[in-house]
Each structure stands twice: as C-alpha cells, then as structure tokens.
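Asks: File name protein_4.csv; file contents CSV, C-alpha atoms and all ligand atoms; full text below.
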```
chain,number,residue,atom,x,y,z
K,1,MET,CA,-86.4,76.0,-48.4
K,2,SER,CA,-85.5,73.3,-46.0
K,3,ASP,CA,-85.4,69.7,-47.1
K,4,ILE,CA,-85.8,68.1,-43.7
K,5,LYS,CA,-87.9,65.3,-45.1
K,6,ASP,CA,-85.4,64.4,-47.8
K,7,PRO,CA,-83.9,61.0,-46.8
K,8,GLU,CA,-80.8,61.7,-48.9
K,9,VAL,CA,-79.8,64.7,-46.8
K,10,LEU,CA,-77.9,64.1,-43.6
K,11,LEU,CA,-77.0,67.6,-42.8
K,12,GLU,CA,-78.4,70.9,-44.0
K,13,VAL,CA,-76.9,74.2,-43.3
K,14,ILE,CA,-79.0,77.4,-43.9
K,15,ASN,CA,-77.6,80.9,-43.9
K,16,LEU,CA,-74.9,80.0,-41.4
K,17,LYS,CA,-72.7,82.8,-40.0
K,18,LYS,CA,-69.8,82.7,-37.6
K,19,TYR,CA,-68.3,86.0,-36.4
K,20,PHE,CA,-65.5,86.1,-33.9
K,21,ASP,CA,-65.2,89.1,-31.6
K,22,VAL,CA,-61.8,90.7,-31.6
K,23,LYS,CA,-60.7,93.5,-29.3
K,24,ILE,CA,-59.2,96.4,-31.1
K,25,GLY,CA,-58.2,98.5,-28.1
K,26,LEU,CA,-59.8,101.2,-26.0
K,27,GLY,CA,-62.6,98.8,-25.2
K,28,ARG,CA,-63.7,98.7,-28.8
K,29,LYS,CA,-64.6,95.5,-30.6
K,30,ASN,CA,-64.6,94.3,-34.1
K,31,TYR,CA,-65.6,91.1,-35.8
K,32,VAL,CA,-63.8,88.5,-37.9
K,33,LYS,CA,-66.5,87.5,-40.4
K,34,ALA,CA,-65.1,84.0,-40.7
K,35,VAL,CA,-68.3,82.3,-42.1
K,36,GLU,CA,-70.8,84.5,-44.0
K,37,ASP,CA,-74.2,83.3,-45.0
K,38,ILE,CA,-73.4,79.8,-46.1
K,39,SER,CA,-76.1,77.3,-47.2
K,40,PHE,CA,-75.6,73.8,-48.4
K,41,LYS,CA,-76.5,70.1,-47.8
K,42,ILE,CA,-74.4,67.0,-47.2
K,43,HIS,CA,-75.9,63.8,-48.5
K,44,LYS,CA,-75.9,60.5,-46.6
K,45,GLY,CA,-72.8,58.4,-47.3
K,46,GLU,CA,-71.0,61.0,-49.4
K,47,THR,CA,-67.7,62.7,-49.0
K,48,PHE,CA,-68.2,66.4,-49.3
K,49,GLY,CA,-64.9,68.1,-50.1
K,50,LEU,CA,-64.4,71.7,-48.8
K,51,VAL,CA,-61.5,73.6,-50.3
K,52,GLY,CA,-60.1,77.1,-50.2
K,53,GLU,CA,-57.0,79.1,-49.2
K,54,SER,CA,-55.7,79.3,-45.7
K,55,GLY,CA,-57.9,81.5,-43.5
K,56,CYS,CA,-61.0,81.3,-45.7
K,57,GLY,CA,-63.1,79.8,-42.9
K,58,LYS,CA,-63.0,76.0,-43.6
K,59,THR,CA,-62.2,75.0,-40.0
K,60,THR,CA,-64.7,77.5,-38.6
K,61,LEU,CA,-67.4,76.1,-40.9
K,62,GLY,CA,-66.5,72.5,-40.1
K,63,ARG,CA,-66.5,73.1,-36.3
K,64,SER,CA,-69.6,75.3,-36.4
K,65,ILE,CA,-71.7,72.6,-38.1
K,66,ILE,CA,-71.0,70.1,-35.4
K,67,ARG,CA,-71.3,72.8,-32.8
K,68,LEU,CA,-67.8,72.5,-31.5
K,69,ILE,CA,-68.0,76.3,-31.8
K,70,GLU,CA,-71.2,78.1,-31.4
K,71,PRO,CA,-72.5,79.7,-34.7
K,72,THR,CA,-73.6,83.3,-34.7
K,73,SER,CA,-76.7,82.8,-36.7
K,74,GLY,CA,-78.4,80.5,-39.2
K,75,LYS,CA,-79.8,77.1,-38.9
K,76,ILE,CA,-78.4,73.6,-38.9
K,77,ILE,CA,-80.5,70.5,-39.4
K,78,TYR,CA,-79.0,67.0,-38.7
K,79,ASP,CA,-80.9,64.0,-40.0
K,80,GLY,CA,-84.2,66.0,-39.8
K,81,ASP,CA,-83.5,67.4,-36.3
K,82,VAL,CA,-82.8,71.1,-35.8
K,83,ILE,CA,-79.6,71.2,-33.8
K,84,PHE,CA,-79.0,74.9,-34.1
K,85,ASP,CA,-81.4,77.8,-34.8
K,86,GLY,CA,-80.1,81.3,-34.4
K,87,ASP,CA,-83.7,82.7,-34.4
K,88,LYS,CA,-85.0,80.5,-31.7
K,89,ARG,CA,-82.3,80.0,-29.1
K,90,LYS,CA,-83.3,77.2,-26.9
K,91,ASN,CA,-81.2,74.6,-25.2
K,92,ILE,CA,-80.8,71.8,-27.6
K,93,ASN,CA,-79.4,68.7,-25.9
K,94,MET,CA,-76.4,67.9,-28.0
K,95,THR,CA,-75.4,64.7,-26.2
K,96,ALA,CA,-76.7,62.3,-28.8
K,97,TYR,CA,-75.4,64.4,-31.7
K,98,ARG,CA,-72.0,64.7,-30.1
K,99,ARG,CA,-71.7,61.0,-30.5
K,100,LYS,CA,-73.0,60.9,-34.1
K,101,MET,CA,-70.8,63.8,-35.2
K,102,GLN,CA,-67.0,63.6,-34.8
K,103,ILE,CA,-64.0,65.4,-36.0
K,104,ILE,CA,-60.5,64.4,-37.0
K,105,PHE,CA,-58.1,67.4,-36.5
K,106,GLN,CA,-55.5,68.8,-38.8
K,107,ASP,CA,-52.6,68.6,-36.3
K,108,PRO,CA,-52.8,65.2,-34.6
K,109,SER,CA,-50.1,66.0,-32.0
K,110,ALA,CA,-52.0,69.1,-30.8
K,111,SER,CA,-55.3,67.3,-30.6
K,112,LEU,CA,-54.1,64.5,-28.3
K,113,ASP,CA,-53.7,65.2,-24.6
K,114,PRO,CA,-50.0,64.5,-23.9
K,115,ARG,CA,-50.7,63.4,-20.3
K,116,MET,CA,-53.0,60.6,-21.3
K,117,THR,CA,-52.1,57.2,-22.7
K,118,VAL,CA,-53.6,56.1,-26.0
K,119,GLY,CA,-55.9,53.7,-24.1
K,120,GLU,CA,-57.1,56.5,-21.9
K,121,ILE,CA,-57.7,58.8,-24.9
K,122,ILE,CA,-59.8,56.3,-26.7
K,123,GLY,CA,-61.4,55.0,-23.4
K,124,GLU,CA,-62.4,58.6,-22.5
K,125,ALA,CA,-64.6,58.8,-25.6
K,126,LEU,CA,-66.2,55.4,-24.7
K,127,ASP,CA,-66.8,56.5,-21.1
K,128,VAL,CA,-68.5,59.8,-22.1
K,129,HIS,CA,-71.1,58.0,-24.1
K,130,LYS,CA,-71.1,54.8,-21.9
K,131,LEU,CA,-70.6,52.5,-24.9
K,132,PHE,CA,-69.5,49.4,-23.0
K,133,GLN,CA,-70.5,47.1,-20.1
K,134,GLY,CA,-67.7,46.4,-17.7
K,135,LYS,CA,-63.9,46.7,-17.9
K,136,LEU,CA,-63.4,43.7,-20.2
K,137,GLU,CA,-65.7,45.0,-22.9
K,138,ARG,CA,-64.1,48.4,-22.7
K,139,LYS,CA,-60.6,46.9,-23.1
K,140,LYS,CA,-61.7,44.7,-26.0
K,141,ARG,CA,-63.2,47.7,-27.7
K,142,ILE,CA,-60.0,49.8,-27.3
K,143,ASP,CA,-58.0,46.9,-28.7
K,144,PHE,CA,-60.4,46.5,-31.6
K,145,LEU,CA,-60.1,50.2,-32.5
K,146,LEU,CA,-56.3,50.2,-32.3
K,147,ASP,CA,-56.2,47.2,-34.6
K,148,ARG,CA,-58.8,48.8,-36.9
K,149,VAL,CA,-56.5,51.8,-37.5
K,150,GLY,CA,-53.4,49.7,-37.9
K,151,LEU,CA,-51.8,50.0,-34.4
K,152,ASN,CA,-50.9,47.3,-31.9
K,153,THR,CA,-52.9,46.6,-28.8
K,154,GLU,CA,-49.7,47.2,-26.7
K,155,HIS,CA,-49.7,50.8,-27.9
K,156,ALA,CA,-52.6,51.4,-25.5
K,157,ASN,CA,-50.2,52.0,-22.6
K,158,ARG,CA,-48.0,54.5,-24.5
K,159,TYR,CA,-48.2,58.3,-24.7
K,160,PRO,CA,-48.9,60.3,-27.9
K,161,HIS,CA,-45.3,61.7,-28.1
K,162,GLU,CA,-44.0,58.2,-28.6
K,163,PHE,CA,-45.7,58.0,-32.0
K,164,SER,CA,-45.0,59.4,-35.4
K,165,GLY,CA,-47.3,61.9,-37.0
K,166,GLY,CA,-49.1,59.3,-39.0
K,167,GLN,CA,-49.5,57.0,-36.0
K,168,GLN,CA,-50.9,60.0,-34.0
K,169,GLN,CA,-53.4,60.6,-36.7
K,170,ARG,CA,-54.4,57.0,-36.5
K,171,ILE,CA,-55.0,57.5,-32.8
K,172,GLY,CA,-57.1,60.5,-33.6
K,173,ILE,CA,-59.1,58.4,-36.0
K,174,ALA,CA,-59.6,55.6,-33.5
K,175,ARG,CA,-60.9,58.2,-31.0
K,176,ALA,CA,-63.4,59.5,-33.5
K,177,LEU,CA,-64.5,56.0,-34.4
K,178,ALA,CA,-64.8,54.9,-30.8
K,179,VAL,CA,-68.2,56.4,-30.4
K,180,GLU,CA,-69.6,54.8,-33.6
K,181,PRO,CA,-70.3,58.1,-35.4
K,182,GLU,CA,-72.3,58.7,-38.6
K,183,PHE,CA,-70.7,61.9,-39.7
K,184,ILE,CA,-67.0,62.9,-39.4
K,185,VAL,CA,-65.5,66.3,-40.2
K,186,CYS,CA,-62.0,65.4,-41.5
K,187,ASP,CA,-60.2,68.8,-41.1
K,188,GLU,CA,-57.1,68.5,-43.3
K,189,PRO,CA,-56.3,65.1,-41.7
K,190,ILE,CA,-53.3,64.5,-43.9
K,191,SER,CA,-51.8,68.0,-44.5
K,192,ALA,CA,-49.4,67.7,-41.5
K,193,LEU,CA,-48.2,64.3,-42.5
K,194,ASP,CA,-45.4,63.0,-44.7
K,195,VAL,CA,-46.4,62.6,-48.3
K,196,SER,CA,-45.4,59.0,-48.1
K,197,ILE,CA,-48.1,58.2,-45.5
K,198,GLN,CA,-50.8,60.5,-46.7
K,199,SER,CA,-52.3,58.0,-49.1
K,200,GLN,CA,-52.3,55.3,-46.4
K,201,ILE,CA,-54.5,57.5,-44.2
K,202,VAL,CA,-56.8,58.5,-47.0
K,203,ASN,CA,-57.2,54.9,-48.0
K,204,MET,CA,-58.0,53.9,-44.5
K,205,LEU,CA,-60.6,56.7,-44.2
K,206,GLU,CA,-62.2,55.5,-47.5
K,207,ASP,CA,-62.3,51.9,-46.3
K,208,MET,CA,-63.9,52.9,-43.1
K,209,GLN,CA,-66.4,54.9,-44.9
K,210,GLU,CA,-67.5,52.0,-47.0
K,211,GLU,CA,-67.5,49.5,-44.2
K,212,LEU,CA,-69.4,51.7,-41.7
K,213,GLY,CA,-71.5,53.8,-44.1
K,214,LEU,CA,-69.9,57.1,-42.8
K,215,THR,CA,-70.5,60.5,-44.2
K,216,TYR,CA,-67.5,62.9,-44.4
K,217,LEU,CA,-66.9,66.6,-44.7
K,218,PHE,CA,-63.4,66.5,-46.0
K,219,ILE,CA,-61.5,69.8,-45.7
K,220,ALA,CA,-58.4,70.5,-47.8
K,221,HIS,CA,-56.4,73.5,-49.1
K,222,ASP,CA,-56.2,72.1,-52.5
K,223,LEU,CA,-58.5,70.6,-55.0
K,224,SER,CA,-56.1,67.8,-56.0
K,225,VAL,CA,-56.4,66.2,-52.5
K,226,VAL,CA,-60.2,66.1,-52.5
K,227,ARG,CA,-60.9,65.5,-56.2
K,228,HIS,CA,-60.7,61.8,-56.2
K,229,ILE,CA,-62.3,61.1,-52.8
K,230,SER,CA,-65.2,63.6,-52.9
K,231,THR,CA,-68.6,63.1,-54.3
K,232,ARG,CA,-69.2,66.8,-54.4
K,233,ILE,CA,-67.0,69.8,-53.7
K,234,GLY,CA,-67.7,73.2,-52.2
K,235,VAL,CA,-65.2,76.1,-52.8
K,236,MET,CA,-64.8,78.8,-50.2
K,237,TYR,CA,-63.3,82.3,-50.5
K,238,LEU,CA,-63.1,84.7,-47.5
K,239,GLY,CA,-66.0,83.2,-45.5
K,240,ASN,CA,-68.3,82.6,-48.5
K,241,MET,CA,-69.1,79.5,-50.4
K,242,VAL,CA,-68.5,80.6,-54.0
K,243,GLU,CA,-69.2,77.4,-55.9
K,244,LEU,CA,-70.6,73.9,-55.2
K,245,GLY,CA,-71.0,70.9,-57.6
K,246,ASP,CA,-70.2,67.3,-58.4
K,247,SER,CA,-66.5,66.7,-58.0
K,248,ASN,CA,-65.9,66.1,-61.7
K,249,GLU,CA,-67.9,69.1,-62.7
K,250,ILE,CA,-65.9,71.3,-60.4
K,251,TYR,CA,-62.7,69.9,-61.8
K,252,HIS,CA,-63.6,69.9,-65.5
K,253,ASN,CA,-66.1,72.7,-65.7
K,254,PRO,CA,-65.4,75.3,-63.0
K,255,LEU,CA,-67.8,78.2,-63.2
K,256,HIS,CA,-66.6,80.7,-60.6
K,257,PRO,CA,-63.5,82.7,-61.5
K,258,TYR,CA,-62.0,81.9,-58.1
K,259,THR,CA,-62.4,78.1,-58.7
K,260,GLN,CA,-60.8,78.6,-62.1
K,261,THR,CA,-57.8,80.2,-60.4
K,262,LEU,CA,-57.5,77.5,-57.8
K,263,LEU,CA,-57.6,74.9,-60.5
K,264,SER,CA,-55.0,76.7,-62.6
K,265,ALA,CA,-52.7,76.3,-59.7
K,266,VAL,CA,-53.1,72.5,-59.6
K,267,PRO,CA,-50.2,70.8,-61.5
K,268,VAL,CA,-51.3,68.5,-64.3
K,269,PRO,CA,-48.8,65.7,-64.9
K,270,ASP,CA,-49.4,65.4,-68.7
K,271,PRO,CA,-48.2,68.6,-70.5
K,272,GLU,CA,-50.5,67.8,-73.4
K,273,VAL,CA,-53.6,68.3,-71.2
K,274,ASN,CA,-52.1,71.1,-69.3
K,275,ARG,CA,-54.9,73.5,-68.4
K,276,ASN,CA,-52.3,76.0,-67.4
K,277,THR,CA,-52.2,77.5,-70.8
K,278,HIS,CA,-54.9,79.6,-69.3
K,279,ARG,CA,-53.2,80.0,-66.0
K,280,ILE,CA,-54.7,82.8,-64.0
K,281,ILE,CA,-52.5,84.5,-61.5
K,282,LEU,CA,-54.4,86.2,-58.7
K,283,GLU,CA,-53.2,89.7,-57.9
K,284,GLY,CA,-52.9,91.0,-54.4
K,285,ASP,CA,-53.4,89.3,-51.0
K,286,VAL,CA,-56.5,87.8,-49.5
K,287,PRO,CA,-58.4,90.8,-47.9
K,288,SER,CA,-59.1,90.7,-44.2
K,289,PRO,CA,-62.2,89.0,-43.0
K,290,ILE,CA,-62.5,91.9,-40.4
K,291,ASN,CA,-63.2,94.4,-43.2
K,292,PRO,CA,-64.1,92.3,-46.2
K,293,PRO,CA,-64.7,94.0,-49.6
K,294,THR,CA,-68.2,95.2,-50.4
K,295,GLY,CA,-70.3,93.4,-52.9
K,296,CYS,CA,-68.6,90.2,-54.1
K,297,ARG,CA,-65.8,89.5,-51.7
K,298,PHE,CA,-63.7,88.3,-54.5
K,299,HIS,CA,-64.0,91.4,-56.7
K,300,THR,CA,-60.7,92.9,-55.6
K,301,ARG,CA,-58.9,90.0,-57.1
K,302,CYS,CA,-61.2,88.9,-59.8
K,303,PRO,CA,-59.9,89.3,-63.4
K,304,TYR,CA,-63.5,89.8,-64.7
K,305,ALA,CA,-64.8,92.2,-62.0
K,306,LYS,CA,-67.4,94.8,-63.2
K,307,ASP,CA,-69.0,97.7,-61.3
K,308,ILE,CA,-71.9,95.6,-60.0
K,309,CYS,CA,-69.4,93.2,-58.3
K,310,LYS,CA,-68.3,96.0,-56.0
K,311,GLU,CA,-71.8,97.0,-55.2
K,312,LYS,CA,-74.0,94.0,-54.8
K,313,ILE,CA,-73.5,90.7,-53.1
K,314,PRO,CA,-74.0,88.0,-55.8
K,315,GLU,CA,-76.9,85.6,-55.3
K,316,TRP,CA,-76.2,81.9,-54.7
K,317,LYS,CA,-77.7,80.4,-57.9
K,318,GLU,CA,-78.1,77.0,-59.5
K,319,ILE,CA,-76.3,77.8,-62.7
K,320,GLU,CA,-76.5,74.2,-64.1
K,321,PRO,CA,-78.4,71.3,-62.6
K,322,ASN,CA,-76.8,70.6,-59.2
K,323,HIS,CA,-74.1,73.1,-59.9
K,324,PHE,CA,-74.2,76.3,-57.8
K,325,ALA,CA,-72.2,79.5,-57.8
K,326,ALA,CA,-72.4,83.0,-56.5
K,327,CYS,CA,-71.1,85.3,-59.3
K,328,HIS,CA,-72.6,88.3,-61.2
K,329,ILE,CA,-71.0,87.3,-64.5
K,330,LEU,CA,-72.6,83.8,-64.5
K,401,LIG,N1,-61.1,81.9,-32.3
K,401,LIG,C1,-60.9,82.9,-33.2
K,401,LIG,N2,-60.9,84.2,-32.9
K,401,LIG,C2,-60.7,85.1,-33.8
K,401,LIG,N3,-60.6,84.9,-35.1
K,401,LIG,C3,-60.5,83.6,-35.5
K,401,LIG,C4,-60.7,82.5,-34.6
K,401,LIG,N4,-60.6,81.3,-35.3
K,401,LIG,C5,-60.4,81.6,-36.5
K,401,LIG,N5,-60.4,83.0,-36.7
K,401,LIG,C6,-60.2,83.7,-38.0
K,401,LIG,O1,-61.3,83.3,-38.8
K,401,LIG,C7,-60.8,83.2,-40.2
K,401,LIG,C8,-61.1,81.8,-40.7
K,401,LIG,O2,-60.2,80.9,-40.0
K,401,LIG,P1,-60.2,79.3,-40.2
K,401,LIG,O3,-59.3,78.7,-39.3
K,401,LIG,O4,-61.6,78.8,-40.2
K,401,LIG,O5,-59.6,79.2,-41.7
K,401,LIG,P2,-59.2,77.9,-42.5
K,401,LIG,O6,-59.8,78.0,-43.9
K,401,LIG,O7,-59.5,76.7,-41.7
K,401,LIG,O8,-57.6,78.1,-42.7
K,401,LIG,P3,-56.4,77.0,-42.7
K,401,LIG,O9,-56.5,76.4,-44.1
K,401,LIG,O10,-55.2,77.8,-42.5
K,401,LIG,O11,-56.7,76.0,-41.7
K,401,LIG,C9,-59.3,83.6,-40.1
K,401,LIG,O12,-59.2,85.0,-40.5
K,401,LIG,C10,-58.9,83.3,-38.7
K,401,LIG,O13,-57.9,84.2,-38.3
K,402,MG,MG,-58.3,75.1,-41.0
```
Mind turning the file's structure into structure tokens?
Replies:
Amino acid sequence: MSDIKDPEVLLEVINLKKYFDVKIGLGRKNYVKAVEDISFKIHKGETFGLVGESGCGKTTLGRSIIRLIEPTSGKIIYDGDVIFDGDKRKNINMTAYRRKMQIIFQDPSASLDPRMTVGEIIGEALDVHKLFQGKLERKKRIDFLLDRVGLNTEHANRYPHEFSGGQQQRIGIARALAVEPEFIVCDEPISALDVSIQSQIVNMLEDMQEELGLTYLFIAHDLSVVRHISTRIGVMYLGNMVELGDSNEIYHNPLHPYTQTLLSAVPVPDPEVNRNTHRIILEGDVPSPINPPTGCRFHTRCPYAKDICKEKIPEWKEIEPNHFAACHIL
C-alpha cells in the first residue's frame, strides 16, 4: 500500500527493479539483476543508511530513485508525487525534482569535470536551475557555498586536480548544495578519503542536515560507518533488501542471517563486549547478479538454509514493529 498522504514520508519506493542489459556474444543478451523488487520509505529529515557488500546494488538503487538512471519497473513517489511508474510510462517532467534531489559521489575526482574551474562547476548547477539574478548574486552565492563547505573564495578560479581528495569532496558537496536540495543521496562520500578527514566530512554533512533540514540516503559498505549517523538502516544482498529497521535495532538485534554476518565482521573495540564470539564466516563468493540463486538469493551462503530457501523467494515481512526482513526462518 502506498502512503502518499503520510506527511512523514519523503520518498517511497515500491517494487523497484533495475536490470542492466549485457551482451553475451552472438547477438544474445542477458541481464544484470542489480536491483530486484525493493520497497521502502525514507522519512523527512532522516538519514537512511544503506549497507551491503560491493556489487550488491547500492549505487544502482541510489541512482535509480533519483532517476539518474532509469529504473526497469516499479514505482517511486517523491513527496506525494509519482516521479516514476513502470506501469504507466508517461513523460514526467523531472526538472523540479532534479533540483530537490541531489547526489554526492563516491569518487570526487571522477565526478568533477577536470576542464572546469570550481566556480564554473558550482555556477553550472546554479545556471541550470536559474537560482540567481545577475552576475553579482551568482558570484556571492558561489562564494557563500565555498565558505559553507570550508573552502576559500579564491578557490573558485582553480581546477579540481589542484585539490586534495577531501577538498574535492567538499566541492562536490557545494555543487549538490548549490541548488538548495531537500534530499541527497550520499554514495559512499567518505570511502575514497583518508581516515583522518572522513569524520570532518561526516560532521559537515550532519551539520548541514540540521541547518537545512535535509534528508539523506547514506550509502556505505560497512555498518560501522552508518550506525551513528543513521536513523534507520537498510541492508542489501545481491540486489535485494534483506532487512530494514531502526539503526540501534539493526546493530543490537539483527534478524537476518546476512546482517548477522555483516555485524560479526565489525570490529568491537572492547573485548568484553565482543560479539565475535559468534563470529559467522560466510562461505563462498557472492553469486553473480546475472544468474542469481533461486529462492532466497542468500541461501547458497546462509548457515541456516533449509530446502524452502532454495525454492521460494522469502516474503518481505514486518517481523517486529518497524523492523522488516525477508527470511524463511524468521
Ligand atoms: N551500467 C551497468 N551495466 C551493467 N552492469 C552494471 C552497470 N552498473 C552496475 N552494474 C552491475 O550491477 C551490480 C550492482 O552494482 P552497483 O554499482 O550498484 O553496486 P554497489 O553496491 O554500489 O557496489 P560498490 O559498493 O562496489 O559501489 C553489479 O553487479 C554491477 O557490476
Ligand atoms: Mg556503489
């Protein structure tokens, strides 16, 4: 059921799928099933953490929900407006939503055009959405944004390669902020950065969220990164959402065997509370999303798998209040 009238919900994703075509020779095609039947909601003002191993589809999901890539099927509702409907393909004018929904990329150097100065990069975003009147206001706005992300106004005339990774990510953040967005997909914004500056960037994103009332989808490989900053967390495995719940619940009371294995890989500083006494080691590699396992996609690596897990796709269920999982043994 859709909750389009719920004022708490900013974004609702219903049965979203994204398949990529891949050529397998002799004119034949196959599909990478990168996102498979995912439904969830993001609440206004929250940070929704999205975690899972490399290749599980986090970036594809993040880019699909802001329609940076075109979903294959499903439905996306943003603040009560349907912005994608796989059943009723019609041209939805995305201009207004493009401004409201922004993204910060994982690799800042690859996401900034090397031929443009920093001022041009930020200015371009302002130009697209005509967010200023006259040159002076445009310059003032660029200076304000540079200052806001901890850079100098003189930096406007320099090129991206003249900056460190952390500074490049600040430029990426200024570009995202330029258009006064409401919702930002933060796609592993710190994973390419030195550990020493990761917390500066996270703190800055948190300050901006509070100041500007932003909503985040924060993508990370690892639960330890999102645990403290997320209101709720969704866990992905091979294109599926396998568990979703409040951040503390996911951390202290993980229900899905995959979440339990992810958590058992998180180092705990105090040996007295080391959860790794029950450390679960996953066997085998992540299967290919071109030919994913039948039934529960996790069954080939799940320590608790039963016959039904090979045969039937597990239902997405509310196991405890506001705590969802897809698993036959729950
Ligand atoms: N344009 C594309 N064409 C074909 N396959 C793709 C494309 N983009 C992604 N994929 C595949 O889709 C799957 C999901 O990729 P995605 O980048 O979304 O994963 P991810 O969870 O973000 O991984 P990482 O943590 O490494 O960033 C992978 O198997 C990937 O190879
Ligand atoms: Mg990714």
Asks: Just the residues within 7 Å of segment 166-181 of chain K, please, counting all atoms listed in the file, with nothing from its chain fewer than 4 positions along; format it as a ChimeraX atom specification.
Replies: /K:99-104,108-109,121-122,125-126,145-146,149,160,193,197
Asks: Name the residues, using the chain letters and numbers of the file, that sit within 12 Å of (-71.6, 75.9, -55.2) when counting only C-alpha atoms, and give them as a ChimeraX atom specification.
Replies: /K:38-41,48-51,232-237,240-247,249-250,254-256,258-259,315-327
Asks: Next, the residues of the selection above should be written as a CSV table (one decimal), in the frame of the given file with C-alpha atoms.
Replies:
```
chain,number,residue,atom,x,y,z
K,38,ILE,CA,-73.4,79.8,-46.1
K,39,SER,CA,-76.1,77.3,-47.2
K,40,PHE,CA,-75.6,73.8,-48.4
K,41,LYS,CA,-76.5,70.1,-47.8
K,48,PHE,CA,-68.2,66.4,-49.3
K,49,GLY,CA,-64.9,68.1,-50.1
K,50,LEU,CA,-64.4,71.7,-48.8
K,51,VAL,CA,-61.5,73.6,-50.3
K,232,ARG,CA,-69.2,66.8,-54.4
K,233,ILE,CA,-67.0,69.8,-53.7
K,234,GLY,CA,-67.7,73.2,-52.2
K,235,VAL,CA,-65.2,76.1,-52.8
K,236,MET,CA,-64.8,78.8,-50.2
K,237,TYR,CA,-63.3,82.3,-50.5
K,240,ASN,CA,-68.3,82.6,-48.5
K,241,MET,CA,-69.1,79.5,-50.4
K,242,VAL,CA,-68.5,80.6,-54.0
K,243,GLU,CA,-69.2,77.4,-55.9
K,244,LEU,CA,-70.6,73.9,-55.2
K,245,GLY,CA,-71.0,70.9,-57.6
K,246,ASP,CA,-70.2,67.3,-58.4
K,247,SER,CA,-66.5,66.7,-58.0
K,249,GLU,CA,-67.9,69.1,-62.7
K,250,ILE,CA,-65.9,71.3,-60.4
K,254,PRO,CA,-65.4,75.3,-63.0
K,255,LEU,CA,-67.8,78.2,-63.2
K,256,HIS,CA,-66.6,80.7,-60.6
K,258,TYR,CA,-62.0,81.9,-58.1
K,259,THR,CA,-62.4,78.1,-58.7
K,315,GLU,CA,-76.9,85.6,-55.3
K,316,TRP,CA,-76.2,81.9,-54.7
K,317,LYS,CA,-77.7,80.4,-57.9
K,318,GLU,CA,-78.1,77.0,-59.5
K,319,ILE,CA,-76.3,77.8,-62.7
K,320,GLU,CA,-76.5,74.2,-64.1
K,321,PRO,CA,-78.4,71.3,-62.6
K,322,ASN,CA,-76.8,70.6,-59.2
K,323,HIS,CA,-74.1,73.1,-59.9
K,324,PHE,CA,-74.2,76.3,-57.8
K,325,ALA,CA,-72.2,79.5,-57.8
K,326,ALA,CA,-72.4,83.0,-56.5
K,327,CYS,CA,-71.1,85.3,-59.3
```
Asks: Taking only C-alpha atoms and all ligand atoms into account, which of K:Lys58, K:Lys140, K:His299, K:His43 comes nearest ligand MG 402 (chain K)?
Replies: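 Under the stated criterion, the closest residue is K:Lys58.
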Asks: Report, in Å to a single decimal, how far apart atom CA of Ile308 of chain K and atom CA of Asp222 of chain K are.
Replies: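 Taking atom CA of Asp222 of chain K as the start and atom CA of Ile308 of chain K as the end point, the length is 29.2 Å.
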Asks: How many Å separate atom CA of Phe163 of chain K from atom CA of Met208 of chain K?
Replies: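 Answer for the atom CA of Phe163 of chain K to atom CA of Met208 of chain K separation: 21.9 Å.
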Asks: Show me which residues sit within 10 Å of ligand MG 402 (chain K) when counting all atoms listed in the file, and put them as a PDB file with C-alpha atoms, in the frame of the given file.
Replies:
```pdb
ATOM      1  CA  VAL K  51     -61.500  73.600 -50.300  1.00  0.00           C
ATOM      2  CA  GLY K  52     -60.100  77.100 -50.200  1.00  0.00           C
ATOM      3  CA  GLU K  53     -57.000  79.100 -49.200  1.00  0.00           C
ATOM      4  CA  SER K  54     -55.700  79.300 -45.700  1.00  0.00           C
ATOM      5  CA  GLY K  55     -57.900  81.500 -43.500  1.00  0.00           C
ATOM      6  CA  CYS K  56     -61.000  81.300 -45.700  1.00  0.00           C
ATOM      7  CA  GLY K  57     -63.100  79.800 -42.900  1.00  0.00           C
ATOM      8  CA  LYS K  58     -63.000  76.000 -43.600  1.00  0.00           C
ATOM      9  CA  THR K  59     -62.200  75.000 -40.000  1.00  0.00           C
ATOM     10  CA  THR K  60     -64.700  77.500 -38.600  1.00  0.00           C
ATOM     11  CA  LEU K  61     -67.400  76.100 -40.900  1.00  0.00           C
ATOM     12  CA  GLY K  62     -66.500  72.500 -40.100  1.00  0.00           C
ATOM     13  CA  ARG K  63     -66.500  73.100 -36.300  1.00  0.00           C
ATOM     14  CA  PHE K 105     -58.100  67.400 -36.500  1.00  0.00           C
ATOM     15  CA  GLN K 106     -55.500  68.800 -38.800  1.00  0.00           C
ATOM     16  CA  ASP K 107     -52.600  68.600 -36.300  1.00  0.00           C
ATOM     17  CA  ASP K 187     -60.200  68.800 -41.100  1.00  0.00           C
ATOM     18  CA  GLU K 188     -57.100  68.500 -43.300  1.00  0.00           C
ATOM     19  CA  ILE K 219     -61.500  69.800 -45.700  1.00  0.00           C
ATOM     20  CA  ALA K 220     -58.400  70.500 -47.800  1.00  0.00           C
ATOM     21  CA  HIS K 221     -56.400  73.500 -49.100  1.00  0.00           C
TER      22      HIS K 221
END
```
Asks: Which residue gives the smallest distance to Leu223 of chain K among K:Phe132, K:Gln260, K:Gly239, K:Pro71, with all atoms listed in the file counted?
Replies: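 Closest to Leu223 of chain K of all the choices is K:Gln260.
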Asks: Using only C-alpha atoms and all ligand atoms, which residue out of K:Lys23, K:Arg148, K:Arg297, K:Arg67 lies closest to ligand LIG 401 (chain K)?
Replies: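 Of K:Lys23, K:Arg148, K:Arg297, K:Arg67, the one nearest ligand LIG 401 (chain K) is K:Lys23, counting only C-alpha atoms and all ligand atoms.
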Asks: Quick one: of K:Gly213, K:Pro257, K:Pro189, K:Gly284, who's nearest to ligand LIG 401 (chain K), counting all atoms listed in the file?
Replies: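 When distances to ligand LIG 401 (chain K) are compared using all atoms listed in the file, the smallest one comes from K:Pro189.
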Asks: If you count only C-alpha atoms, which residues fall within 7 Å of segment 156-159 of chain K, apart from same-chain ones fewer than 3 positions away, as a list in words?
Replies: Pro114, Met116, Thr117, Val118, Gly119, Thr153 and Glu162 of chain K
